[in-house]
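Engineer: Data file my_file_35.pdb (PDB, C-alpha atoms, pLDDT in the B column) is appended below.
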```pdb
ATOM      1  CA  MET A  25      -1.957 -39.843 -16.739  1.00 75.00           C
ATOM      2  CA  SER A  26      -0.750 -38.622 -20.115  1.00 81.00           C
ATOM      3  CA  ALA A  27       2.156 -36.279 -20.698  1.00 80.00           C
ATOM      4  CA  GLY A  28      -0.297 -33.536 -21.678  1.00 78.00           C
ATOM      5  CA  ASP A  29      -2.221 -33.930 -18.407  1.00 82.00           C
ATOM      6  CA  ARG A  30       0.997 -33.731 -16.418  1.00 83.00           C
ATOM      7  CA  LEU A  31       2.003 -30.574 -18.286  1.00 84.00           C
ATOM      8  CA  ASP A  32      -1.415 -28.991 -17.640  1.00 85.00           C
ATOM      9  CA  ARG A  33      -1.175 -29.845 -13.944  1.00 89.00           C
ATOM     10  CA  LYS A  34       2.313 -28.351 -13.767  1.00 86.00           C
ATOM     11  CA  ARG A  35       1.154 -25.135 -15.472  1.00 91.00           C
ATOM     12  CA  ARG A  36      -1.820 -24.778 -13.109  1.00 90.00           C
ATOM     13  CA  SER A  37       0.456 -25.328 -10.127  1.00 87.00           C
ATOM     14  CA  GLU A  38       2.916 -22.730 -11.439  1.00 90.00           C
ATOM     15  CA  ARG A  39       0.120 -20.153 -11.901  1.00 93.00           C
ATOM     16  CA  LYS A  40      -1.216 -20.877  -8.416  1.00 92.00           C
ATOM     17  CA  GLY A  41       2.271 -20.375  -6.947  1.00 92.00           C
ATOM     18  CA  ARG A  42       2.839 -17.108  -8.796  1.00 94.00           C
ATOM     19  CA  ARG A  43      -0.564 -15.799  -7.659  1.00 96.00           C
ATOM     20  CA  ALA A  44       0.285 -16.741  -4.075  1.00 97.00           C
ATOM     21  CA  GLU A  45       3.650 -14.945  -4.332  1.00 97.00           C
ATOM     22  CA  TRP A  46       1.932 -11.833  -5.694  1.00 97.00           C
ATOM     23  CA  LEU A  47      -0.607 -11.834  -2.824  1.00 98.00           C
ATOM     24  CA  ALA A  48       2.164 -12.409  -0.288  1.00 98.00           C
ATOM     25  CA  ALA A  49       4.187  -9.508  -1.732  1.00 98.00           C
ATOM     26  CA  LEU A  50       1.115  -7.262  -1.557  1.00 98.00           C
ATOM     27  CA  ALA A  51       0.531  -8.228   2.084  1.00 98.00           C
ATOM     28  CA  LEU A  52       4.159  -7.440   2.913  1.00 98.00           C
ATOM     29  CA  MET A  53       4.022  -4.061   1.172  1.00 98.00           C
ATOM     30  CA  LEU A  54       0.898  -3.160   3.139  1.00 98.00           C
ATOM     31  CA  LYS A  55       2.880  -3.959   6.308  1.00 98.00           C
ATOM     32  CA  GLY A  56       5.601  -1.496   5.281  1.00 98.00           C
ATOM     33  CA  TYR A  57       8.122  -3.824   3.603  1.00 98.00           C
ATOM     34  CA  ARG A  58       9.857  -2.998   0.348  1.00 98.00           C
ATOM     35  CA  ILE A  59      10.116  -5.952  -2.032  1.00 98.00           C
ATOM     36  CA  THR A  60      13.775  -6.277  -3.002  1.00 97.00           C
ATOM     37  CA  ALA A  61      13.522  -9.437  -5.109  1.00 97.00           C
ATOM     38  CA  LEU A  62      10.994 -11.974  -6.334  1.00 97.00           C
ATOM     39  CA  ARG A  63      12.096 -15.536  -7.062  1.00 96.00           C
ATOM     40  CA  TYR A  64      15.719 -14.737  -6.163  1.00 97.00           C
ATOM     41  CA  ARG A  65      17.791 -17.582  -7.631  1.00 96.00           C
ATOM     42  CA  THR A  66      21.298 -18.591  -6.617  1.00 96.00           C
ATOM     43  CA  PRO A  67      23.378 -21.710  -7.281  1.00 96.00           C
ATOM     44  CA  VAL A  68      22.533 -22.930  -3.756  1.00 95.00           C
ATOM     45  CA  GLY A  69      18.784 -22.278  -3.717  1.00 93.00           C
ATOM     46  CA  GLU A  70      15.883 -19.966  -4.426  1.00 95.00           C
ATOM     47  CA  ILE A  71      14.019 -17.484  -2.241  1.00 97.00           C
ATOM     48  CA  ASP A  72      10.433 -16.662  -3.176  1.00 98.00           C
ATOM     49  CA  ILE A  73      10.497 -13.096  -1.812  1.00 98.00           C
ATOM     50  CA  VAL A  74      13.247 -10.926  -0.379  1.00 98.00           C
ATOM     51  CA  ALA A  75      11.649  -8.052   1.539  1.00 98.00           C
ATOM     52  CA  ARG A  76      13.254  -5.240   3.474  1.00 97.00           C
ATOM     53  CA  LYS A  77      12.069  -2.964   6.247  1.00 97.00           C
ATOM     54  CA  ARG A  78      14.813  -0.529   7.273  1.00 95.00           C
ATOM     55  CA  ASP A  79      17.800  -2.703   8.314  1.00 95.00           C
ATOM     56  CA  LEU A  80      15.815  -5.954   8.464  1.00 97.00           C
ATOM     57  CA  VAL A  81      15.819  -8.348   5.527  1.00 98.00           C
ATOM     58  CA  ALA A  82      13.120 -11.018   5.455  1.00 98.00           C
ATOM     59  CA  PHE A  83      13.671 -14.094   3.297  1.00 98.00           C
ATOM     60  CA  VAL A  84      10.155 -15.318   2.664  1.00 98.00           C
ATOM     61  CA  GLU A  85       9.021 -18.752   1.534  1.00 98.00           C
ATOM     62  CA  VAL A  86       5.476 -18.649   0.132  1.00 98.00           C
ATOM     63  CA  LYS A  87       3.216 -21.694   0.218  1.00 97.00           C
ATOM     64  CA  ALA A  88      -0.216 -21.914  -1.393  1.00 97.00           C
ATOM     65  CA  ARG A  89      -2.034 -24.551   0.645  1.00 96.00           C
ATOM     66  CA  ARG A  90      -5.580 -25.301   1.744  1.00 95.00           C
ATOM     67  CA  ASP A  91      -4.820 -24.511   5.395  1.00 95.00           C
ATOM     68  CA  LEU A  92      -2.122 -23.075   7.636  1.00 96.00           C
ATOM     69  CA  ALA A  93      -0.867 -26.406   8.981  1.00 96.00           C
ATOM     70  CA  ALA A  94      -0.352 -27.810   5.481  1.00 96.00           C
ATOM     71  CA  GLY A  95       1.567 -24.678   4.501  1.00 95.00           C
ATOM     72  CA  ILE A  96       3.873 -24.914   7.492  1.00 95.00           C
ATOM     73  CA  ASP A  97       4.464 -28.629   6.956  1.00 95.00           C
ATOM     74  CA  ALA A  98       5.352 -27.987   3.309  1.00 95.00           C
ATOM     75  CA  VAL A  99       8.564 -26.148   4.269  1.00 97.00           C
ATOM     76  CA  SER A 100      10.835 -29.141   4.826  1.00 96.00           C
ATOM     77  CA  TYR A 101      14.175 -29.061   6.606  1.00 96.00           C
ATOM     78  CA  PRO A 102      16.157 -29.427   3.322  1.00 96.00           C
ATOM     79  CA  ALA A 103      14.154 -26.514   1.880  1.00 95.00           C
ATOM     80  CA  GLN A 104      14.943 -24.448   4.974  1.00 97.00           C
ATOM     81  CA  ARG A 105      18.662 -25.160   4.526  1.00 97.00           C
ATOM     82  CA  ARG A 106      18.556 -24.124   0.838  1.00 96.00           C
ATOM     83  CA  ILE A 107      16.685 -20.907   1.653  1.00 97.00           C
ATOM     84  CA  ALA A 108      19.129 -20.092   4.459  1.00 97.00           C
ATOM     85  CA  ALA A 109      22.126 -20.699   2.173  1.00 97.00           C
ATOM     86  CA  ALA A 110      20.619 -18.506  -0.558  1.00 97.00           C
ATOM     87  CA  GLY A 111      19.888 -15.833   2.058  1.00 97.00           C
ATOM     88  CA  GLU A 112      23.478 -15.826   3.277  1.00 96.00           C
ATOM     89  CA  LEU A 113      24.638 -15.379  -0.305  1.00 96.00           C
ATOM     90  CA  PHE A 114      22.184 -12.485  -0.768  1.00 97.00           C
ATOM     91  CA  ILE A 115      23.416 -10.764   2.415  1.00 97.00           C
ATOM     92  CA  SER A 116      27.062 -11.195   1.399  1.00 95.00           C
ATOM     93  CA  ARG A 117      26.340  -9.280  -1.826  1.00 95.00           C
ATOM     94  CA  GLN A 118      24.852  -6.227  -0.086  1.00 94.00           C
ATOM     95  CA  ARG A 119      26.953  -3.091   0.377  1.00 94.00           C
ATOM     96  CA  ASP A 120      25.477  -2.476   3.821  1.00 93.00           C
ATOM     97  CA  SER A 121      25.631  -6.115   4.956  1.00 92.00           C
ATOM     98  CA  ALA A 122      27.401  -5.263   8.243  1.00 93.00           C
ATOM     99  CA  LYS A 123      24.396  -3.344   9.566  1.00 95.00           C
ATOM    100  CA  LEU A 124      21.686  -5.747   8.358  1.00 96.00           C
ATOM    101  CA  SER A 125      19.785  -8.266  10.400  1.00 96.00           C
ATOM    102  CA  TRP A 126      17.758 -10.988   8.741  1.00 97.00           C
ATOM    103  CA  ARG A 127      15.239 -13.685   9.362  1.00 98.00           C
ATOM    104  CA  HIS A 128      13.386 -16.452   7.545  1.00 98.00           C
ATOM    105  CA  ASP A 129       9.620 -16.083   7.260  1.00 98.00           C
ATOM    106  CA  VAL A 130       6.847 -18.198   5.790  1.00 98.00           C
ATOM    107  CA  ILE A 131       3.669 -16.851   4.256  1.00 98.00           C
ATOM    108  CA  VAL A 132       0.804 -19.293   3.755  1.00 98.00           C
ATOM    109  CA  VAL A 133      -1.798 -18.332   1.178  1.00 98.00           C
ATOM    110  CA  SER A 134      -5.090 -20.220   1.498  1.00 96.00           C
ATOM    111  CA  PRO A 135      -8.195 -19.877  -0.684  1.00 94.00           C
ATOM    112  CA  TRP A 136     -10.454 -16.955   0.257  1.00 94.00           C
ATOM    113  CA  LYS A 137      -8.260 -15.899   3.193  1.00 95.00           C
ATOM    114  CA  TRP A 138      -5.745 -13.129   3.699  1.00 96.00           C
ATOM    115  CA  PRO A 139      -2.144 -14.465   3.638  1.00 98.00           C
ATOM    116  CA  VAL A 140      -0.812 -15.541   7.044  1.00 98.00           C
ATOM    117  CA  HIS A 141       2.680 -14.157   7.725  1.00 98.00           C
ATOM    118  CA  LEU A 142       4.761 -16.238  10.143  1.00 98.00           C
ATOM    119  CA  GLU A 143       7.779 -14.173  11.142  1.00 98.00           C
ATOM    120  CA  ASP A 144      11.055 -15.899  12.036  1.00 97.00           C
ATOM    121  CA  ALA A 145       9.521 -19.262  11.141  1.00 96.00           C
ATOM    122  CA  PHE A 146      12.818 -21.158  11.030  1.00 93.00           C
TER     123      PHE A 146
END
```
Take the structure from the file and write it as structure tokens.

Structural biologist:
Amino acid sequence: MSAGDRLDRKRRSERKGRRAEWLAALALMLKGYRITALRYRTPVGEIDIVARKRDLVAFVEVKARRDLAAGIDAVSYPAQRRIAAAGELFISRQRDSAKLSWRHDVIVVSPWKWPVHLEDAF
């Protein structure tokens, strides 16, 4: 595989991921969540979507996969640790952090299906 092919594959994958994040954010908004951040980056990790519903903050990992099982399997334990660490940093920076509760969700986006939202996934 040439360098150009690898770059094309990476760009397609990036577009697919961004589309999945957009669909996941739309699904969350339709469920009453307010999107606080997209692709929230910290020195310890990145969170795809930070969504809030009243005093609940959901740190959401989005996976674009062919089926639900593949999406769930794609969130490895090291990834879970990085997301949790980034989430703790996010919470520590909020003025109302003492009254917030939070959880870690996964949304799996599969072709031609509505995104599946797994609450409190890890």

Engineer: Let me make sure I understand: among A:Leu92, A:Leu80, A:Ala108, A:Leu31, which one has the smallest atom-to-atom distance to Trp138 of chain A if we use only C-alpha atoms?

Structural biologist: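 When distances to Trp138 of chain A are compared using only C-alpha atoms, the smallest one comes from A:Leu92.
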
Engineer: Residue by residue, what does the PyMOL selection byres ((chain A and resi 69) around 8) grab here? Present the result as a VMD selection string.

Structural biologist: chain A and resid 65 to 68 70 to 71 106 to 107 109 to 110

Engineer: Can you list, as a list in words, the residues that the PyMOL selection byres ((chain A and resi 77) around 10) selects here?

Structural biologist: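 Output from the PyMOL selection byres ((chain A and resi 77) around 10), applied to this file: Leu52, Met53, Lys55, Gly56, Tyr57, Arg58, Ile59, Thr60, Ala75, Arg76, Arg78, Asp79, Leu80, Val81 and Ala82 of chain A.
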
Engineer: Residues within 8 Å of segment 40-45 of chain A, please, as a list of chain:residue names. Count all atoms listed in the file; anything in the same chain fewer than 4 positions from it doesn't count.

Structural biologist: A:Arg36, A:Ala49, A:Asp72, A:Ile73, A:Val86, A:Lys87, A:Ala88, A:Val133

Engineer: Taking only C-alpha atoms into account, name the residue in A:Leu54, A:Ile96, A:Val140, A:Ala48 that is nearest to Val74 of chain A.

Structural biologist: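 Answer, going by the shortest atom-to-atom distance: A:Ala48.
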
Engineer: So how many Å separate atom CA of Val132 of chain A and atom CA of Ala145 of chain A, to one decimal?

Structural biologist: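 So the answer is 11.4 Å.
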
Engineer: Can you work out the spacing between atom CA of Asp91 of chain A and atom CA of Arg30 of chain A in Å, to one decimal?

Structural biologist: 24.4 Å

Engineer: Find the distance between atom CA of His128 of chain A and atom CA of Glu38 of chain A and write it in Å to one decimal.

Structural biologist: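 Between these atoms lies a distance of 22.6 Å.
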